[in-house]
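Have a look at target11.cif below; it lists mmCIF, N, CA and C atoms.
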```cif
data_input
#
loop_
_atom_site.label_atom_id
_atom_site.label_comp_id
_atom_site.auth_asym_id
_atom_site.auth_seq_id
_atom_site.Cartn_x
_atom_site.Cartn_y
_atom_site.Cartn_z
N MET A 541 72.99 71.02 67.23
CA MET A 541 74.18 71.61 67.76
C MET A 541 75.12 71.87 66.58
N LEU A 542 75.73 73.02 66.58
CA LEU A 542 76.82 73.33 65.66
C LEU A 542 78.09 73.26 66.48
N ALA A 543 79.01 72.41 66.09
CA ALA A 543 80.18 72.22 66.96
C ALA A 543 81.38 71.70 66.19
N ASP A 544 82.52 71.83 66.84
CA ASP A 544 83.72 71.21 66.30
C ASP A 544 83.78 69.77 66.82
N PRO A 545 84.73 68.97 66.33
CA PRO A 545 84.79 67.57 66.72
C PRO A 545 84.93 67.32 68.23
N SER A 546 85.36 68.29 68.99
CA SER A 546 85.51 68.07 70.43
C SER A 546 84.17 67.88 71.14
N ALA A 547 83.07 68.20 70.47
CA ALA A 547 81.74 68.09 71.09
C ALA A 547 81.02 66.79 70.73
N ARG A 548 81.68 65.86 70.09
CA ARG A 548 81.03 64.62 69.67
C ARG A 548 80.33 63.89 70.80
N ALA A 549 80.88 63.95 72.00
CA ALA A 549 80.30 63.23 73.14
C ALA A 549 78.87 63.70 73.43
N HIS A 550 78.52 64.91 73.07
CA HIS A 550 77.19 65.45 73.34
C HIS A 550 76.19 65.10 72.25
N ALA A 551 76.65 64.68 71.10
CA ALA A 551 75.80 64.47 69.93
C ALA A 551 74.74 63.40 70.17
N ALA A 552 75.02 62.39 70.94
CA ALA A 552 74.07 61.30 71.16
C ALA A 552 72.78 61.78 71.83
N ARG A 553 72.84 62.86 72.56
CA ARG A 553 71.67 63.36 73.28
C ARG A 553 70.86 64.37 72.47
N LEU A 554 71.27 64.62 71.26
CA LEU A 554 70.63 65.65 70.45
C LEU A 554 69.95 65.08 69.22
N ASP A 555 68.97 65.80 68.71
CA ASP A 555 68.30 65.38 67.48
C ASP A 555 69.11 65.75 66.24
N TRP A 556 69.78 66.90 66.28
CA TRP A 556 70.52 67.39 65.12
C TRP A 556 71.90 67.85 65.55
N THR A 557 72.89 67.44 64.79
CA THR A 557 74.26 67.86 65.05
C THR A 557 74.94 68.14 63.71
N LEU A 558 75.55 69.29 63.60
CA LEU A 558 76.38 69.60 62.45
C LEU A 558 77.79 69.84 62.96
N GLU A 559 78.67 69.00 62.52
CA GLU A 559 80.06 69.08 62.98
C GLU A 559 80.91 69.77 61.92
N PHE A 560 81.73 70.69 62.39
CA PHE A 560 82.62 71.43 61.50
C PHE A 560 84.05 71.17 61.89
N PRO A 561 84.81 70.51 61.01
CA PRO A 561 86.22 70.33 61.31
C PRO A 561 86.93 71.68 61.30
N LEU A 562 87.88 71.82 62.16
CA LEU A 562 88.62 73.08 62.26
C LEU A 562 90.03 72.97 61.71
N ALA A 563 90.48 71.75 61.49
CA ALA A 563 91.85 71.54 61.04
C ALA A 563 92.11 72.28 59.73
N SER A 564 93.29 72.80 59.63
CA SER A 564 93.68 73.59 58.47
C SER A 564 95.15 73.36 58.20
N PRO A 565 95.56 73.45 56.95
CA PRO A 565 96.99 73.31 56.67
C PRO A 565 97.82 74.48 57.21
N SER A 566 97.13 75.56 57.57
CA SER A 566 97.86 76.71 58.09
C SER A 566 98.15 76.50 59.59
N ALA A 567 98.80 77.45 60.18
CA ALA A 567 99.15 77.36 61.60
C ALA A 567 97.95 77.55 62.52
N PHE A 568 96.82 78.03 61.98
CA PHE A 568 95.65 78.33 62.80
C PHE A 568 94.45 77.51 62.36
N ASP A 569 93.55 77.22 63.30
CA ASP A 569 92.31 76.55 62.97
C ASP A 569 91.47 77.46 62.07
N SER A 570 90.60 76.87 61.28
CA SER A 570 89.74 77.64 60.39
C SER A 570 88.28 77.51 60.84
N TYR A 571 87.67 78.64 61.09
CA TYR A 571 86.26 78.68 61.48
C TYR A 571 85.39 79.13 60.31
N ALA A 572 85.92 79.11 59.12
CA ALA A 572 85.21 79.63 57.95
C ALA A 572 83.89 78.88 57.69
N ALA A 573 83.89 77.56 57.76
CA ALA A 573 82.67 76.80 57.49
C ALA A 573 81.60 77.11 58.52
N ALA A 574 81.95 77.12 59.78
CA ALA A 574 80.98 77.42 60.83
C ALA A 574 80.47 78.86 60.71
N ALA A 575 81.34 79.80 60.47
CA ALA A 575 80.92 81.20 60.34
C ALA A 575 79.99 81.38 59.14
N SER A 576 80.26 80.68 58.05
CA SER A 576 79.40 80.78 56.88
C SER A 576 78.01 80.25 57.17
N LEU A 577 77.91 79.13 57.88
CA LEU A 577 76.60 78.58 58.20
C LEU A 577 75.84 79.50 59.16
N VAL A 578 76.51 80.03 60.15
CA VAL A 578 75.86 80.96 61.08
C VAL A 578 75.34 82.17 60.32
N SER A 579 76.12 82.69 59.38
CA SER A 579 75.68 83.82 58.58
C SER A 579 74.45 83.46 57.75
N LEU A 580 74.46 82.29 57.15
CA LEU A 580 73.33 81.84 56.35
C LEU A 580 72.07 81.69 57.21
N LEU A 581 72.20 81.07 58.37
CA LEU A 581 71.06 80.88 59.26
C LEU A 581 70.52 82.22 59.77
N ALA A 582 71.41 83.12 60.15
CA ALA A 582 70.98 84.43 60.64
C ALA A 582 70.24 85.19 59.55
N GLY A 583 70.74 85.12 58.34
CA GLY A 583 70.06 85.78 57.22
C GLY A 583 68.69 85.19 56.95
N ALA A 584 68.58 83.88 57.05
CA ALA A 584 67.28 83.23 56.83
C ALA A 584 66.28 83.61 57.91
N VAL A 585 66.74 83.68 59.15
CA VAL A 585 65.84 84.08 60.25
C VAL A 585 65.41 85.52 60.06
N LEU A 586 66.34 86.39 59.72
CA LEU A 586 66.01 87.80 59.50
C LEU A 586 64.99 87.94 58.37
N THR A 587 65.16 87.20 57.29
CA THR A 587 64.22 87.24 56.18
C THR A 587 62.85 86.73 56.62
N ALA A 588 62.83 85.65 57.40
CA ALA A 588 61.56 85.09 57.87
C ALA A 588 60.82 86.05 58.79
N LEU A 589 61.55 86.84 59.55
CA LEU A 589 60.93 87.80 60.46
C LEU A 589 60.37 89.02 59.75
N GLY A 590 60.84 89.26 58.53
CA GLY A 590 60.33 90.37 57.74
C GLY A 590 60.56 91.72 58.39
N GLN A 591 59.49 92.54 58.41
CA GLN A 591 59.60 93.90 58.94
C GLN A 591 60.01 93.91 60.41
N GLU A 592 59.51 92.97 61.19
CA GLU A 592 59.88 92.89 62.61
C GLU A 592 61.39 92.69 62.78
N GLY A 593 61.96 91.84 61.95
CA GLY A 593 63.40 91.61 62.00
C GLY A 593 64.18 92.84 61.59
N ALA A 594 63.72 93.52 60.55
CA ALA A 594 64.40 94.73 60.08
C ALA A 594 64.37 95.81 61.16
N GLU A 595 63.23 95.95 61.84
CA GLU A 595 63.13 96.94 62.91
C GLU A 595 64.07 96.60 64.07
N ARG A 596 64.16 95.33 64.37
CA ARG A 596 65.06 94.92 65.46
C ARG A 596 66.51 95.23 65.12
N VAL A 597 66.92 94.96 63.89
CA VAL A 597 68.29 95.25 63.47
C VAL A 597 68.54 96.75 63.54
N ARG A 598 67.59 97.56 63.10
CA ARG A 598 67.75 99.01 63.19
C ARG A 598 67.91 99.45 64.64
N GLY A 599 67.13 98.86 65.54
CA GLY A 599 67.24 99.19 66.96
C GLY A 599 68.59 98.83 67.54
N VAL A 600 69.10 97.67 67.18
CA VAL A 600 70.42 97.24 67.67
C VAL A 600 71.50 98.18 67.13
N ARG A 601 71.43 98.49 65.83
CA ARG A 601 72.42 99.41 65.24
C ARG A 601 72.39 100.77 65.94
N SER A 602 71.19 101.23 66.22
CA SER A 602 71.03 102.53 66.89
C SER A 602 71.66 102.50 68.28
N ARG A 603 71.46 101.43 69.01
CA ARG A 603 72.04 101.32 70.35
C ARG A 603 73.57 101.26 70.29
N TYR A 604 74.07 100.49 69.34
CA TYR A 604 75.53 100.44 69.19
C TYR A 604 76.09 101.82 68.86
N ALA A 605 75.42 102.52 67.97
CA ALA A 605 75.88 103.87 67.59
C ALA A 605 75.85 104.80 68.80
N ALA A 606 74.79 104.72 69.59
CA ALA A 606 74.67 105.58 70.77
C ALA A 606 75.78 105.31 71.79
N LEU A 607 76.22 104.05 71.83
CA LEU A 607 77.29 103.68 72.77
C LEU A 607 78.68 103.89 72.18
N GLY A 608 78.75 104.28 70.90
CA GLY A 608 80.03 104.46 70.26
C GLY A 608 80.76 103.14 70.00
N GLU A 609 79.98 102.07 69.81
CA GLU A 609 80.56 100.74 69.64
C GLU A 609 80.91 100.42 68.19
N LEU A 610 80.46 101.23 67.26
CA LEU A 610 80.72 100.94 65.85
C LEU A 610 81.66 101.98 65.27
N GLU A 611 82.51 101.53 64.36
CA GLU A 611 83.40 102.44 63.66
C GLU A 611 82.68 102.98 62.45
N GLY A 612 83.12 104.11 62.00
CA GLY A 612 82.55 104.68 60.78
C GLY A 612 81.96 106.04 61.04
N PRO A 613 81.33 106.59 59.99
CA PRO A 613 80.79 107.96 60.08
C PRO A 613 79.65 108.07 61.08
#
```
Show this structure as structure tokens.
Amino acid sequence: MLADPSARAHAARLDWTLEFPLASPSAFDSYAAAASLVSLLAGAVLTALGQEGAERVRGVRSRYAALGELEGP
């Protein structure tokens, strides 16, 4: 489980737990650590999938473009 400290109660039932503190000196919580790990994991999965993963990403991009969901040219 990837979670903030509010999910500690669930950790005992799981094999793996990565807790990310959200506290920040600023007025807002920081999700930077969690977002970085999710990005790293997604990239590793995409790399492991090879050509199949690349084709899937192309298909998703194409669908988003067809729906006008992405900004840009």
Counting all atoms listed in the file, find residues at most 6.5 Å from (82.1, 71.5, 59.9) (file frame) and give them as a short mmCIF file (atom, residue, chain, number, x, y, z; two decimals) with N, CA and C atoms, keeping the file's coordinate frame.
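Ended up saving to out01.cif:
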```
data_model
loop_
_atom_site.label_atom_id
_atom_site.label_comp_id
_atom_site.auth_asym_id
_atom_site.auth_seq_id
_atom_site.Cartn_x
_atom_site.Cartn_y
_atom_site.Cartn_z
N ALA A 543 79.01 72.41 66.09
CA ALA A 543 80.18 72.22 66.96
C ALA A 543 81.38 71.70 66.19
N LEU A 558 75.55 69.29 63.60
CA LEU A 558 76.38 69.60 62.45
C LEU A 558 77.79 69.84 62.96
N GLU A 559 78.67 69.00 62.52
CA GLU A 559 80.06 69.08 62.98
C GLU A 559 80.91 69.77 61.92
N PHE A 560 81.73 70.69 62.39
CA PHE A 560 82.62 71.43 61.50
C PHE A 560 84.05 71.17 61.89
N PRO A 561 84.81 70.51 61.01
CA PRO A 561 86.22 70.33 61.31
C PRO A 561 86.93 71.68 61.30
N LEU A 562 87.88 71.82 62.16
CA LEU A 562 88.62 73.08 62.26
C LEU A 562 90.03 72.97 61.71
N ALA A 573 83.89 77.56 57.76
CA ALA A 573 82.67 76.80 57.49
C ALA A 573 81.60 77.11 58.52
N ALA A 574 81.95 77.12 59.78
CA ALA A 574 80.98 77.42 60.83
C ALA A 574 80.47 78.86 60.71
#
```
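The space separating atom CA of A:Gly590 from atom CA of A:Leu577 comes to 20.1 Å.
Secondary structure by DSSP on the backbone puts the following residues of chain A in strand (DSSP E or B): Leu542, Ala543, Leu558 and Glu559 of chain A.
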*Point-to-point distance in Å for atom CA of A:Glu611 and atom CA of A:Val597*: 16.7 Å
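Across the model, the gap from atom CA of A:Arg548 to atom CA of A:Phe568 is 21.2 Å.
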*Which of chain A counts as alpha helix (DSSP H) under DSSP, as a VMD selection string please?*
chain A and resid 548 to 551 572 to 589 591 to 607
_Contact residues around stretch 551-556 of chain A with only C-alpha atoms at 12 Å, ignoring same-chain residues under 5 positions, as a ChimeraX atom specification_ = /A:541-546
Around all listed atoms of stretch 593-605 of chain A, padded 3 Å per side, what centre and edge lengths does the axis-aligned box have in Å to one decimal, as JSON?
```
{"center_x": 69.0, "center_y": 98.2, "center_z": 65.2, "size_x": 20.1, "size_y": 19.2, "size_z": 16.3}
```
Could you rebuild stretch 596-607 of chain A with all heavy atoms and give me the result as an mmCIF file, in the coordinates of the input?
```cif
data_model
loop_
_atom_site.group_PDB
_atom_site.id
_atom_site.type_symbol
_atom_site.label_atom_id
_atom_site.label_comp_id
_atom_site.auth_asym_id
_atom_site.auth_seq_id
_atom_site.Cartn_x
_atom_site.Cartn_y
_atom_site.Cartn_z
ATOM 1 N N ARG A 596 64.160 95.330 64.370
ATOM 2 C CA ARG A 596 65.060 94.920 65.460
ATOM 3 C C ARG A 596 66.510 95.230 65.120
ATOM 4 O O ARG A 596 67.264 95.724 65.950
ATOM 5 C CB ARG A 596 64.890 93.447 65.771
ATOM 6 C CG ARG A 596 65.773 92.970 66.892
ATOM 7 C CD ARG A 596 65.243 91.703 67.500
ATOM 8 N NE ARG A 596 66.152 91.176 68.469
ATOM 9 C CZ ARG A 596 66.132 91.475 69.758
ATOM 10 N NH1 ARG A 596 65.245 92.313 70.219
ATOM 11 N NH2 ARG A 596 66.996 90.931 70.576
ATOM 12 N N VAL A 597 66.920 94.960 63.890
ATOM 13 C CA VAL A 597 68.290 95.250 63.470
ATOM 14 C C VAL A 597 68.540 96.750 63.540
ATOM 15 O O VAL A 597 69.594 97.183 64.022
ATOM 16 C CB VAL A 597 68.562 94.701 62.044
ATOM 17 C CG1 VAL A 597 69.868 95.241 61.486
ATOM 18 C CG2 VAL A 597 68.590 93.180 62.071
ATOM 19 N N ARG A 598 67.590 97.560 63.100
ATOM 20 C CA ARG A 598 67.750 99.010 63.190
ATOM 21 C C ARG A 598 67.910 99.450 64.640
ATOM 22 O O ARG A 598 68.731 100.315 64.957
ATOM 23 C CB ARG A 598 66.560 99.724 62.544
ATOM 24 C CG ARG A 598 66.670 99.858 61.045
ATOM 25 C CD ARG A 598 65.644 100.830 60.486
ATOM 26 N NE ARG A 598 64.276 100.364 60.653
ATOM 27 C CZ ARG A 598 63.662 99.508 59.815
ATOM 28 N NH1 ARG A 598 64.310 99.052 58.760
ATOM 29 N NH2 ARG A 598 62.425 99.140 60.034
ATOM 30 N N GLY A 599 67.130 98.860 65.540
ATOM 31 C CA GLY A 599 67.240 99.190 66.960
ATOM 32 C C GLY A 599 68.590 98.830 67.540
ATOM 33 O O GLY A 599 69.183 99.605 68.301
ATOM 34 N N VAL A 600 69.100 97.670 67.180
ATOM 35 C CA VAL A 600 70.420 97.240 67.670
ATOM 36 C C VAL A 600 71.500 98.180 67.130
ATOM 37 O O VAL A 600 72.381 98.612 67.874
ATOM 38 C CB VAL A 600 70.698 95.775 67.279
ATOM 39 C CG1 VAL A 600 72.140 95.396 67.551
ATOM 40 C CG2 VAL A 600 69.747 94.843 68.023
ATOM 41 N N ARG A 601 71.430 98.490 65.830
ATOM 42 C CA ARG A 601 72.420 99.410 65.240
ATOM 43 C C ARG A 601 72.390 100.770 65.940
ATOM 44 O O ARG A 601 73.423 101.375 66.205
ATOM 45 C CB ARG A 601 72.161 99.589 63.755
ATOM 46 C CG ARG A 601 72.593 98.429 62.921
ATOM 47 C CD ARG A 601 72.408 98.713 61.449
ATOM 48 N NE ARG A 601 72.782 97.551 60.673
ATOM 49 C CZ ARG A 601 72.278 97.247 59.500
ATOM 50 N NH1 ARG A 601 71.387 98.040 58.937
ATOM 51 N NH2 ARG A 601 72.658 96.161 58.863
ATOM 52 N N SER A 602 71.190 101.230 66.220
ATOM 53 C CA SER A 602 71.030 102.530 66.890
ATOM 54 C C SER A 602 71.660 102.500 68.280
ATOM 55 O O SER A 602 72.344 103.448 68.682
ATOM 56 C CB SER A 602 69.547 102.868 66.982
ATOM 57 O OG SER A 602 69.355 104.044 67.712
ATOM 58 N N ARG A 603 71.460 101.430 69.010
ATOM 59 C CA ARG A 603 72.040 101.320 70.350
ATOM 60 C C ARG A 603 73.570 101.260 70.290
ATOM 61 O O ARG A 603 74.244 101.877 71.106
ATOM 62 C CB ARG A 603 71.473 100.114 71.069
ATOM 63 C CG ARG A 603 70.031 100.314 71.494
ATOM 64 C CD ARG A 603 69.478 99.088 72.208
ATOM 65 N NE ARG A 603 68.065 99.235 72.447
ATOM 66 C CZ ARG A 603 67.110 98.739 71.649
ATOM 67 N NH1 ARG A 603 67.435 98.058 70.569
ATOM 68 N NH2 ARG A 603 65.844 98.921 71.943
ATOM 69 N N TYR A 604 74.070 100.490 69.340
ATOM 70 C CA TYR A 604 75.530 100.440 69.190
ATOM 71 C C TYR A 604 76.090 101.820 68.860
ATOM 72 O O TYR A 604 77.114 102.234 69.390
ATOM 73 C CB TYR A 604 75.941 99.451 68.091
ATOM 74 C CG TYR A 604 76.097 98.029 68.559
ATOM 75 C CD1 TYR A 604 75.375 96.995 67.968
ATOM 76 C CD2 TYR A 604 76.984 97.700 69.577
ATOM 77 C CE1 TYR A 604 75.522 95.692 68.388
ATOM 78 C CE2 TYR A 604 77.142 96.399 69.995
ATOM 79 C CZ TYR A 604 76.405 95.394 69.403
ATOM 80 O OH TYR A 604 76.558 94.103 69.828
ATOM 81 N N ALA A 605 75.420 102.520 67.970
ATOM 82 C CA ALA A 605 75.880 103.870 67.590
ATOM 83 C C ALA A 605 75.850 104.800 68.800
ATOM 84 O O ALA A 605 76.785 105.580 69.009
ATOM 85 C CB ALA A 605 75.027 104.418 66.455
ATOM 86 N N ALA A 606 74.790 104.720 69.590
ATOM 87 C CA ALA A 606 74.670 105.580 70.770
ATOM 88 C C ALA A 606 75.780 105.310 71.790
ATOM 89 O O ALA A 606 76.241 106.199 72.486
ATOM 90 C CB ALA A 606 73.303 105.394 71.423
ATOM 91 N N LEU A 607 76.220 104.050 71.830
ATOM 92 C CA LEU A 607 77.290 103.680 72.770
ATOM 93 C C LEU A 607 78.680 103.890 72.180
ATOM 94 O O LEU A 607 79.687 103.672 72.860
ATOM 95 C CB LEU A 607 77.134 102.201 73.166
ATOM 96 C CG LEU A 607 75.882 101.869 73.987
ATOM 97 C CD1 LEU A 607 75.718 100.368 74.101
ATOM 98 C CD2 LEU A 607 75.977 102.510 75.360
#
```
